Protein chains: 2
Amino acid sequence: MKIPQATAKRLPLYYRFLKNLHSSGKQRVSSAELSEAVKVDSATIRRDFSYFGALGKKGYGYNVNYLISFFRKTLDQDELTKVALIGVGNLGTAFLNYNFLKNNNTKIECAFDVDPEKMGTMIREVPVYHMDELEKVLSEDDITVAILTVPAPVAQMITDRLVKANVKGILNFTPARLNVPPLIRVHHIDLAVELQSLVYFLKHYPTVEIEEEE
Amino acid sequence: MKIPQATAKRLPLYYRFLKNLHSSGKQRVSSAELSEAVKVDSATIRRDFSYFGALGKKGYGYNVNYLISFFRKTLDQDELTKVALIGVGNLGTAFLNYNFLKNNNTKIECAFDVDPEKMGTMIREVPVYHMDELEKVLSEDDITVAILTVPAPVAQMITDRLVKANVKGILNFTPARLNVPPLIRVHHIDLAVELQSLVYFLKHYPTVEIEEEE
DNA sequence: AGAAATCTGTTAATTAGTTCAAAGTTTCAC
DNA sequence: GTGAAACTTTGAACTAATTAACAGATTTCT
C-alpha cells in the first residue's frame, strides 16, 4: 500500500476527530464537515480516504463508526505501543504527565535519567531508571520507540546507544540533528525553530494564512 | 521576496548551525559540509540560499561570517520578539524553563494561568498573571505572538481573546484545531499526532528513511 | 415516483518542493 | 602561470502534494 507521507501524517488527526464526532453522537459525516473540524481541505480529505479504497457512499458521506473501526485497524490501535522516555527534565516530565494512552494506545513505559535522585522513583506510574540501565530495560521490555528529551550535547551519544538497543523510531525534541543508520526513523520537533519560523512568517508573509505540522 | 515556505522553515535551522560552526572556528563552509550537519540535501541548501541571491562563491563555498550576518538580518535577530505563554501547566512550565532567548532573540515576556496560586509568582524571571489580565498585559507590552499550552477544551475561547487582543501568531500545542480569521497565523504542534504518526511510519514504511519538521 | 439536492471518487490541472547536472568561478598545488 | 579540483549558480527535470471540477450514485423532498 503506497500512502503518501503527507496523508499518513494526517491519519491520526482524522482518527481523533472521528472519535470526537462519535462521542458527540454523530452517525454520519461529510468531507465538508470533517474539513471544518480538522481544518484540512475537503478535497484533500476525500483524496486521503480514497487511498484506502471507497470508504464512503456517494450522496451520503461517511459512516462515522465504520471510519473509526477502519482507522483503528489501520493505525494499529488494537495493540499497545510501548515507548521509552529518555531525559526526565522539564520537557520530559511534562510528557510523563501527558496522557498519550488515552487517545492513542501508546504508552510511556519507562523513563531514564542520569540524576541519581530521580532513579527508582515513579512519575505518574512510570518508573524512572538510571541511564546505565537503558539497554537492559529496553531489551527486556522490547521497546523500539523512544522520545528524546535530553540536553543537546549528549543527544548523539544516547542515540547511538538507542540504535544499538534496537530502537527503530525516535521522536527528537533536541536541537541536535541525529546521525542514524538508514533504517532508523527520526522525527524532529525543534521548539526554537518552530517559534523562530513562526516569527519569520509573521514578518514576511503578512497576508497569507497557512497551517503546518510538522 | 518570494521564499518558499519549506525554505523559510529551514532558515532558523541553518542559522543555528552556522553559529555553531562559527564558534568552533570555521571560516568557510560548503553546502556539502552544512548538509552533513543539518541533514538536509546539499542541493536543497544551495537552492535555498540562492533564493536570496548569490551568497556564496563558486569554487570556494560560503563564508561563515557573511552567512551569519546575512541570516541575522533576514531573521530579524537584531530586534527582540516578545512572546506570551498561555497556560502554565506541565508543558507551559517546561517552556518557561527553556531558554529561547539564547539562540533566537525571542523571549517569553509574560505567562498566564487561571490558577490563583500561580498568579503573581515568577518562574525563571517571567511574571505569571491571571488569565483575566490577558488583554491588558498583552496590549501594554505590545505582544503579538503567543504560545498556547492550555487544556484543549478552552483553547478556542482563549484563542478568540488572543485574536481580539491583536495577537498575530499562535504556536498551538493543544490538540484543538483553532478557528481564526484569515490574517492570523497558527502553527500546530500536536504531540500525540507526532508520536502516533511516527509509529504508523515504523509499521508501514519499514525501509525508508525520511525526516520531518514541523 | 420523479425531481432536486447531496456528496463521493477520481481524473485532470496546478502548485510546491526537490534533485540533477551543465556551465562557470575560484582556489590550490606545483 | 597553468591545469586540476572544488564548489556555486541556475535552468530543467522530476516528484510530491493540493485543489478543482464533474460524472455518477444516493438520498431526500414533495
# chains A, B, ... in the order shown; residues from 1 in each chain; ligands from 1
call {"tool": "select_by_dssp", "arguments": {"residues": "chain A", "states": "helix (DSSP H, G or I)", "output": "ChimeraX atom specification"}}
result
/A:5-23,31-38,42-50,64-74,90-96,100-104,131-141,152-164,191-204
call {"tool": "closest_atom_pairs", "arguments": {"of": "chain D", "to": "region 56-70 of chain B", "cutoff": "10 Å", "atoms": "only C-alpha atoms (C1' of nucleotides)", "output": "tab-separated table"}}
result
residue	atom	partner	partner_atom	distance
D:DA5	C1'	B:Gly59	CA	8.9
D:DA6	C1'	B:Gly59	CA	5.1
D:DC7	C1'	B:Gly59	CA	3.9
D:DT8	C1'	B:Lys58	CA	4.1
D:DT9	C1'	B:Lys58	CA	7.8
call {"tool": "write_last_selection", "arguments": {"atoms": "N, CA and C atoms (P, O5', C5', C4', C3', O3' and C1' of nucleotides)", "output": "PDB file, in the first residue's frame"}}
result
ATOM      1  P    DA D   5      42.097  16.372 -10.926  1.00  0.00           P
ATOM      2  O5'  DA D   5      41.510  17.254  -9.722  1.00  0.00           O
ATOM      3  C5'  DA D   5      42.427  17.806  -8.771  1.00  0.00           C
ATOM      4  C4'  DA D   5      41.645  18.630  -7.774  1.00  0.00           C
ATOM      5  C3'  DA D   5      40.298  18.012  -7.388  1.00  0.00           C
ATOM      6  O3'  DA D   5      40.144  18.194  -5.992  1.00  0.00           O
ATOM      7  C1'  DA D   5      39.960  20.187  -8.273  1.00  0.00           C
ATOM      8  P    DA D   6      38.776  17.807  -5.285  1.00  0.00           P
ATOM      9  O5'  DA D   6      38.105  19.241  -5.008  1.00  0.00           O
ATOM     10  C5'  DA D   6      38.886  20.263  -4.418  1.00  0.00           C
ATOM     11  C4'  DA D   6      38.010  21.483  -4.171  1.00  0.00           C
ATOM     12  C3'  DA D   6      36.623  21.142  -3.618  1.00  0.00           C
ATOM     13  O3'  DA D   6      36.289  22.184  -2.715  1.00  0.00           O
ATOM     14  C1'  DA D   6      36.386  22.294  -5.648  1.00  0.00           C
ATOM     15  P    DC D   7      35.270  21.892  -1.545  1.00  0.00           P
ATOM     16  O5'  DC D   7      34.017  22.748  -1.966  1.00  0.00           O
ATOM     17  C5'  DC D   7      34.145  23.436  -3.094  1.00  0.00           C
ATOM     18  C4'  DC D   7      33.113  24.445  -3.403  1.00  0.00           C
ATOM     19  C3'  DC D   7      31.666  23.992  -3.176  1.00  0.00           C
ATOM     20  O3'  DC D   7      30.845  25.091  -2.808  1.00  0.00           O
ATOM     21  C1'  DC D   7      32.082  24.377  -5.475  1.00  0.00           C
ATOM     22  P    DT D   8      29.297  24.955  -2.533  1.00  0.00           P
ATOM     23  O5'  DT D   8      28.813  26.115  -3.525  1.00  0.00           O
ATOM     24  C5'  DT D   8      29.356  27.412  -3.342  1.00  0.00           C
ATOM     25  C4'  DT D   8      28.980  28.315  -4.505  1.00  0.00           C
ATOM     26  C3'  DT D   8      27.495  28.631  -4.606  1.00  0.00           C
ATOM     27  O3'  DT D   8      27.362  30.006  -4.964  1.00  0.00           O
ATOM     28  C1'  DT D   8      28.223  27.581  -6.602  1.00  0.00           C
ATOM     29  P    DT D   9      25.988  30.738  -4.818  1.00  0.00           P
ATOM     30  O5'  DT D   9      25.400  30.696  -6.300  1.00  0.00           O
ATOM     31  C5'  DT D   9      26.094  31.353  -7.333  1.00  0.00           C
ATOM     32  C4'  DT D   9      25.439  31.008  -8.658  1.00  0.00           C
ATOM     33  C3'  DT D   9      23.917  31.164  -8.678  1.00  0.00           C
ATOM     34  O3'  DT D   9      23.604  32.052  -9.728  1.00  0.00           O
ATOM     35  C1'  DT D   9      24.567  29.094  -9.613  1.00  0.00           C
TER      36       DT D   9
END
call {"tool": "residues_around", "arguments": {"residues": "Arg124 (chain A)", "least_positions_apart": "3", "cutoff": "9 Å", "atoms": "only C-alpha atoms (C1' of nucleotides)", "output": "list in words"}}
result
Leu96, Asn97 and Pro127 of chain A
call {"tool": "write_last_selection", "arguments": {"atoms": "C-alpha atoms", "output": "PDB file, in the first residue's frame"}}
result
ATOM      1  CA  LEU A  96       5.195  11.877  31.575  1.00  0.00           C
ATOM      2  CA  ASN A  97       2.215  13.827  32.779  1.00  0.00           C
ATOM      3  CA  PRO A 127       9.359   4.045  36.657  1.00  0.00           C
TER       4      PRO A 127
END
call {"tool": "residues_around", "arguments": {"residues": "region 2-4 of chain D", "least_positions_apart": "3", "cutoff": "12 Å", "atoms": "only C-alpha atoms (C1' of nucleotides)", "output": "list of chain:residue names"}}
result
C:DT27, C:DC28, C:DA29, C:DC30
call {"tool": "write_last_selection", "arguments": {"atoms": "C-alpha atoms (C1' of nucleotides)", "output": "compact mmCIF listing (two decimals), in the first residue's frame"}}
result
# COMPACT_ATOMS: atom_id res chain seq x y z
C1' DT C 27 41.21 28.13 -5.37
C1' DC C 28 45.16 25.34 -4.89
C1' DA C 29 49.33 22.83 -5.97
C1' DC C 30 53.28 22.84 -8.36
call {"tool": "residues_around", "arguments": {"residues": "region 144-160 of chain B", "least_positions_apart": "2", "cutoff": "7 Å", "atoms": "only C-alpha atoms (C1' of nucleotides)", "output": "list of chain:residue names"}}
result
B:Val83, B:Ala84, B:Leu85, B:Ile86, B:Gly87, B:Leu91, B:Gly92, B:Asp142, B:Leu162, B:Val163, B:Lys164, B:Asn166, B:Val167, B:Lys168, B:Gly169, B:Ile170, B:Leu171, B:Asn172, B:Phe173, B:Thr174, B:Pro175, B:Ala176, B:Leu178
call {"tool": "select_by_dssp", "arguments": {"residues": "region 59-103 of chain A", "states": "strand (DSSP E)", "output": "list in words"}}
result
Tyr62, Asn63, Thr81, Lys82, Val83, Ala84, Leu85 and Ile86 of chain A
call {"tool": "closest_residue", "arguments": {"among": "B:Ala43, B:Leu13, B:Ile3, B:Ala32", "to": "DT10 (chain D)", "atoms": "only C-alpha atoms (C1' of nucleotides)"}}
result
B:Ala43
call {"tool": "interface_residues", "arguments": {"of": "chain C", "to": "chain A", "cutoff": "6 Å", "atoms": "only C-alpha atoms (C1' of nucleotides)", "output": "compact mmCIF listing (two decimals) with C-alpha atoms (C1' of nucleotides), in the first residue's frame"}}
result
# COMPACT_ATOMS: atom_id res chain seq x y z
C1' DT C 6 -26.18 15.90 -1.65
C1' DC C 7 -21.80 14.11 -1.69
C1' DT C 8 -18.14 10.72 -3.07
call {"tool": "residues_around", "arguments": {"residues": "DA12 (chain C)", "least_positions_apart": "6", "cutoff": "12 Å", "atoms": "only C-alpha atoms (C1' of nucleotides)", "output": "PyMOL selection string"}}
result
chain D and resi 19-22
call {"tool": "atom_distance", "arguments": {"atom1": "CA of Val88 (chain A)", "atom2": "CA of Ile108 (chain A)"}}
result
12.2 Å
call {"tool": "closest_residue", "arguments": {"among": "A:Gln5, A:Gln196, A:Thr81, A:Ser23", "to": "chain D", "atoms": "only C-alpha atoms (C1' of nucleotides)"}}
result
A:Gln5
